[in-house]
>>> print(open('final_15.csv').read())   # CSV, C-alpha atoms
chain,number,residue,atom,x,y,z
A,2,MET,CA,0.0,0.0,0.0
A,3,THR,CA,1.4,3.4,-0.9
A,4,GLU,CA,1.6,6.2,1.7
A,5,GLN,CA,-1.2,8.1,-0.1
A,6,SER,CA,-3.5,5.2,-0.3
A,7,LEU,CA,-2.7,4.3,3.3
A,8,ILE,CA,-3.6,7.9,4.4
A,9,LYS,CA,-6.8,7.8,2.4
A,10,ALA,CA,-7.9,4.5,3.9
A,11,CYS,CA,-7.0,5.6,7.4
A,12,SER,CA,-9.1,8.7,6.9
A,13,GLN,CA,-12.0,6.4,6.1
A,14,ASN,CA,-11.4,4.6,9.5
A,15,ASN,CA,-10.2,1.4,7.7
A,16,ALA,CA,-8.9,-0.8,10.5
A,17,VAL,CA,-6.6,-2.7,8.3
A,18,ALA,CA,-5.0,0.5,7.0
A,19,GLN,CA,-4.7,1.8,10.6
A,20,ARG,CA,-2.9,-1.3,11.7
A,21,GLU,CA,-0.6,-1.0,8.7
A,22,LEU,CA,0.2,2.6,9.5
A,23,TYR,CA,0.8,1.6,13.1
A,24,ASN,CA,3.1,-1.2,12.1
A,25,ARG,CA,5.1,1.0,9.7
A,26,PHE,CA,5.7,3.9,12.1
A,27,SER,CA,5.2,2.8,15.7
A,28,GLY,CA,8.9,1.9,16.2
A,29,MET,CA,10.1,5.3,15.1
A,30,LEU,CA,7.4,7.2,17.0
A,31,PHE,CA,7.9,5.2,20.1
A,32,GLY,CA,11.6,6.3,20.0
A,33,ILE,CA,10.3,9.9,20.2
A,34,CYS,CA,8.0,9.1,23.1
A,35,TYR,CA,10.7,7.3,24.9
A,36,ARG,CA,13.0,10.4,24.9
A,37,TYR,CA,10.3,12.4,26.6
A,38,ALA,CA,8.9,9.8,29.0
A,39,TYR,CA,10.0,8.8,32.5
A,40,ASN,CA,9.7,5.1,31.8
A,41,ARG,CA,8.6,2.6,29.2
A,42,GLU,CA,5.0,2.6,30.4
A,43,ASP,CA,4.7,6.3,30.0
A,44,ALA,CA,6.2,6.1,26.6
A,45,GLU,CA,3.7,3.4,25.6
A,46,ASP,CA,0.8,5.6,26.9
A,47,MET,CA,2.2,8.6,24.9
A,48,LEU,CA,2.4,6.5,21.8
A,49,GLN,CA,-1.2,5.2,22.2
A,50,GLU,CA,-2.5,8.7,22.8
A,51,GLY,CA,-0.5,9.9,19.8
A,52,PHE,CA,-1.9,7.3,17.4
A,53,ILE,CA,-5.4,8.1,18.6
A,54,LYS,CA,-4.7,11.8,17.7
A,55,ILE,CA,-3.1,10.8,14.4
A,56,PHE,CA,-6.1,8.7,13.4
A,57,SER,CA,-8.6,11.3,14.5
A,58,ARG,CA,-6.8,14.1,12.7
A,59,ILE,CA,-5.5,12.4,9.6
A,60,THR,CA,-8.0,14.2,7.5
A,61,SER,CA,-6.3,17.5,8.4
A,62,PHE,CA,-3.1,16.4,6.8
A,63,GLU,CA,-3.1,18.3,3.5
A,64,ASN,CA,-0.2,16.7,1.6
A,65,LYS,CA,1.7,20.0,1.9
A,66,GLY,CA,4.7,18.4,3.5
A,67,ASN,CA,6.1,15.2,4.7
A,68,PHE,CA,3.5,12.9,6.3
A,69,GLU,CA,6.1,11.4,8.6
A,70,GLY,CA,7.1,14.9,9.8
A,71,TRP,CA,3.4,15.7,10.4
A,72,MET,CA,3.0,12.5,12.6
A,73,LYS,CA,6.2,13.4,14.5
A,74,ARG,CA,4.8,16.8,15.4
A,75,VAL,CA,1.5,15.2,16.6
A,76,ILE,CA,3.5,12.8,18.7
A,77,VAL,CA,5.7,15.6,20.2
A,78,HIS,CA,2.7,17.6,21.1
A,79,THR,CA,1.1,14.5,22.6
A,80,CYS,CA,4.1,13.9,24.7
A,81,ILE,CA,4.2,17.5,26.0
A,82,ASN,CA,0.5,17.4,26.8
A,83,TYR,CA,0.9,14.1,28.6
A,84,LEU,CA,3.7,15.5,30.8
A,85,LYS,CA,1.6,18.6,31.6
A,86,LYS,CA,-1.6,16.6,32.2
A,87,ASN,CA,0.2,14.2,34.5
A,88,GLN,CA,2.1,17.1,36.2
A,89,LYS,CA,5.4,15.5,35.3
A,90,PHE,CA,6.9,18.6,33.7
A,91,ILE,CA,9.2,20.3,36.1
A,92,ASP,CA,8.9,24.1,36.2
A,93,HIS,CA,11.4,26.1,34.2
A,94,ILE,CA,14.5,27.7,35.6
A,95,SER,CA,13.9,31.1,37.2
A,96,LEU,CA,15.0,34.0,34.9
A,97,GLU,CA,17.2,35.4,37.6
A,98,TYR,CA,19.3,32.2,37.5
A,99,ALA,CA,19.2,32.0,33.7
A,100,GLN,CA,20.9,35.4,33.5
A,101,ASN,CA,24.0,33.8,35.1
A,102,LEU,CA,24.3,31.0,32.6
A,103,GLU,CA,27.0,31.2,29.9
A,104,ALA,CA,27.1,29.3,26.6
A,105,ARG,CA,30.2,27.2,26.3
A,106,GLU,CA,32.3,27.1,23.2
A,107,GLU,CA,31.8,23.9,21.3
A,108,GLY,CA,34.8,21.9,20.4
A,109,ILE,CA,35.2,18.7,18.3
A,110,ALA,CA,35.7,15.3,19.9
A,111,SER,CA,34.9,11.7,19.0
A,112,LYS,CA,31.4,10.8,17.8
A,113,LEU,CA,29.0,9.3,20.2
A,114,LEU,CA,26.5,6.7,19.4
A,115,GLY,CA,23.0,8.0,19.4
A,116,LYS,CA,21.8,5.5,21.9
A,117,GLN,CA,24.4,6.7,24.5
A,118,VAL,CA,23.2,10.3,24.2
A,119,ILE,CA,19.6,9.3,24.4
A,120,GLU,CA,20.2,7.2,27.5
A,121,CYS,CA,22.1,10.1,29.1
A,122,LEU,CA,19.3,12.5,28.1
A,123,ARG,CA,16.9,10.2,30.0
A,124,LEU,CA,18.9,10.8,33.2
A,125,MET,CA,18.3,14.6,33.0
A,126,PRO,CA,15.6,16.6,34.7
A,127,ILE,CA,12.5,16.5,32.5
A,128,GLY,CA,12.5,20.3,31.9
A,129,TYR,CA,16.0,20.3,30.4
A,130,ARG,CA,15.4,17.0,28.6
A,131,THR,CA,12.2,18.3,27.0
A,132,VAL,CA,13.8,21.5,25.7
A,133,ILE,CA,16.8,19.7,24.3
A,134,ASN,CA,14.6,17.1,22.6
A,135,MET,CA,12.3,19.8,21.1
A,136,TYR,CA,15.1,22.1,20.0
A,137,ALA,CA,18.1,19.9,19.0
A,138,ILE,CA,16.3,16.8,17.9
A,139,GLU,CA,12.8,17.8,16.8
A,140,GLY,CA,13.9,21.2,15.3
A,141,PHE,CA,11.4,23.5,17.1
A,142,SER,CA,12.5,27.1,17.5
A,143,HIS,CA,12.8,28.5,21.0
A,144,LYS,CA,9.8,30.7,20.2
A,145,GLU,CA,7.8,27.6,19.3
A,146,ILE,CA,9.0,25.8,22.4
A,147,GLY,CA,8.0,28.7,24.5
A,148,ASP,CA,4.5,28.7,23.0
A,149,ILE,CA,4.0,25.0,23.4
A,150,LEU,CA,5.4,24.8,27.0
A,151,GLU,CA,3.9,28.2,28.0
A,152,ILE,CA,7.2,29.7,29.0
A,153,GLU,CA,9.2,32.6,27.7
A,154,GLU,CA,11.4,32.2,24.7
A,155,SER,CA,14.4,33.3,26.8
A,156,THR,CA,13.5,30.6,29.3
A,157,SER,CA,13.7,28.0,26.6
A,158,ARG,CA,17.1,29.3,25.5
A,159,SER,CA,18.4,29.2,29.1
A,160,GLN,CA,17.0,25.7,29.7
A,161,PHE,CA,18.7,24.6,26.5
A,162,ILE,CA,22.1,26.1,27.5
A,163,ARG,CA,21.8,24.7,31.1
A,164,GLY,CA,20.6,21.4,29.8
A,165,LYS,CA,23.6,21.0,27.5
A,166,ASN,CA,25.9,21.7,30.4
A,167,VAL,CA,24.1,19.1,32.5
A,168,LEU,CA,24.2,16.6,29.7
A,169,GLU,CA,28.0,17.2,29.3
A,170,SER,CA,28.5,16.5,33.0
A,171,ILE,CA,26.5,13.2,32.7
A,172,LEU,CA,28.6,12.1,29.7
A,173,ILE,CA,31.8,12.9,31.6
A,174,LYS,CA,30.6,11.1,34.7
A,175,LYS,CA,29.6,8.0,32.7
A,176,LYS,CA,33.1,8.2,31.0
A,177,ILE,CA,31.5,8.4,27.6
A,178,ILE,CA,33.7,11.4,27.0
A,179,ASN,CA,37.0,12.0,28.8
A,180,SER,CA,37.0,15.6,29.9
A,181,THR,CA,35.5,19.0,29.3
A,182,SER,CA,38.6,19.9,27.3
A,183,GLU,CA,37.3,17.7,24.5
A,184,LYS,CA,34.4,20.0,24.1
A,185,LEU,CA,32.2,17.5,22.3
A,186,GLU,CA,31.5,17.2,18.7
A,187,TRP,CA,27.9,16.2,19.6
A,188,MET,CA,27.4,19.6,21.3
A,189,ALA,CA,27.9,21.2,17.9
A,190,LEU,CA,25.1,19.0,16.7
A,191,LEU,CA,22.9,20.2,19.5
A,192,SER,CA,23.6,23.8,18.6
A,193,SER,CA,22.9,23.5,14.9
>>> encode(input="final_15.csv", output="C-alpha cells")
Amino acid sequence: MTEQSLIKACSQNNAVAQRELYNRFSGMLFGICYRYAYNREDAEDMLQEGFIKIFSRITSFENKGNFEGWMKRVIVHTCINYLKKNQKFIDHISLEYAQNLEAREEGIASKLLGKQVIECLRLMPIGYRTVINMYAIEGFSHKEIGDILEIEESTSRSQFIRGKNVLESILIKKKIINSTSEKLEWMALLSS
C-alpha cells in the first residue's frame, strides 16, 4: 500500500490500514515518546494517545509536506501534553538564575552513538530534557517551544544552555567522554 492510499484508507477509518500505519511507524514514533517519558510505560501511553490523535486528525493532513514529519509533530505535542496533564513537567529555571548562565564554546571530539546520548538524556531533569529534545532533535525554534510549553522564549534558551551543560556532566561522569577539554562534537550537533 502506498503512503497516499494508506492515508486515504485511514481517513475512512479502515482498521486494516490503521494497523498497517501503526506497524510502519510505531517503532520510530515510540523512540520519540521514549525520549520524553520517565519510563517505558509512560512512553507506551504517549504512543497510544499519539496514534489516537493521528487517526482522528489524519483528514487534516493536506499533503503539503512530509507525512512522517506531520506525525512526529503530533507525537511531540502529545508527549508534552501528557507530561503537563500528569504534572510531570518540572517548572522552568527562574529567569534570575538564567541570566548567570553562559554558553560554552563547542569543540570537536569523538562521535558518540545516538543510543548513548539518548540514555544520558533520560537521566536529566524533565525540563532540560524536553527543551533539548524539542530544539536539538525535533527542530522546534525557541519561540515555538515557549509557546508549546507556555514559557518565555528566553527561558527555553536558558534551559537549553543549562541542559547542554548538565548533559555534558553526565557524559563525563559516565566516561562516555574524557573531559570538558574535548568540548564535544555532539554539542555542535545540539547547537545547529
>>> closest_residue(input="final_15.csv", among="A:Cys34, A:Ala137, A:Leu168, A:Ile76", to="Gly51 (chain A)", atoms="all atoms listed in the file")
A:Ile76
>>> atom_distance(input="final_15.csv", atom1="CA of Gly164 (chain A)", atom2="CA of Ile133 (chain A)")
6.9 Å
>>> closest_residue(input="final_15.csv", among="A:Ile59, A:Ile119, A:Ala18, A:Ile152", to="Trp71 (chain A)", atoms="all atoms listed in the file")
A:Ile59
>>> residues_around(input="final_15.csv", residues="Ile149 (chain A)", least_positions_apart="2", cutoff="12 Å", atoms="all atoms listed in the file", output="PyMOL selection string")
chain A and resi 74+77-82+85+131-132+135-136+141-147+151-154+157
>>> closest_residue(input="final_15.csv", among="A:Phe26, A:Phe31, A:Tyr83, A:Tyr39", to="Arg123 (chain A)", atoms="all atoms listed in the file")
A:Tyr39
>>> residues_near_point(input="final_15.csv", point="(-0.7, 6.1, 22.4)", cutoff="10 Å", atoms="only C-alpha atoms", output="ChimeraX atom specification")
/A:27,30-31,34,43-55,76,79-80
>>> atom_distance(input="final_15.csv", atom1="CA of Gly128 (chain A)", atom2="CA of Arg58 (chain A)")
27.9 Å
>>> atom_distance(input="final_15.csv", atom1="CA of Ala10 (chain A)", atom2="CA of Gly66 (chain A)")
18.8 Å
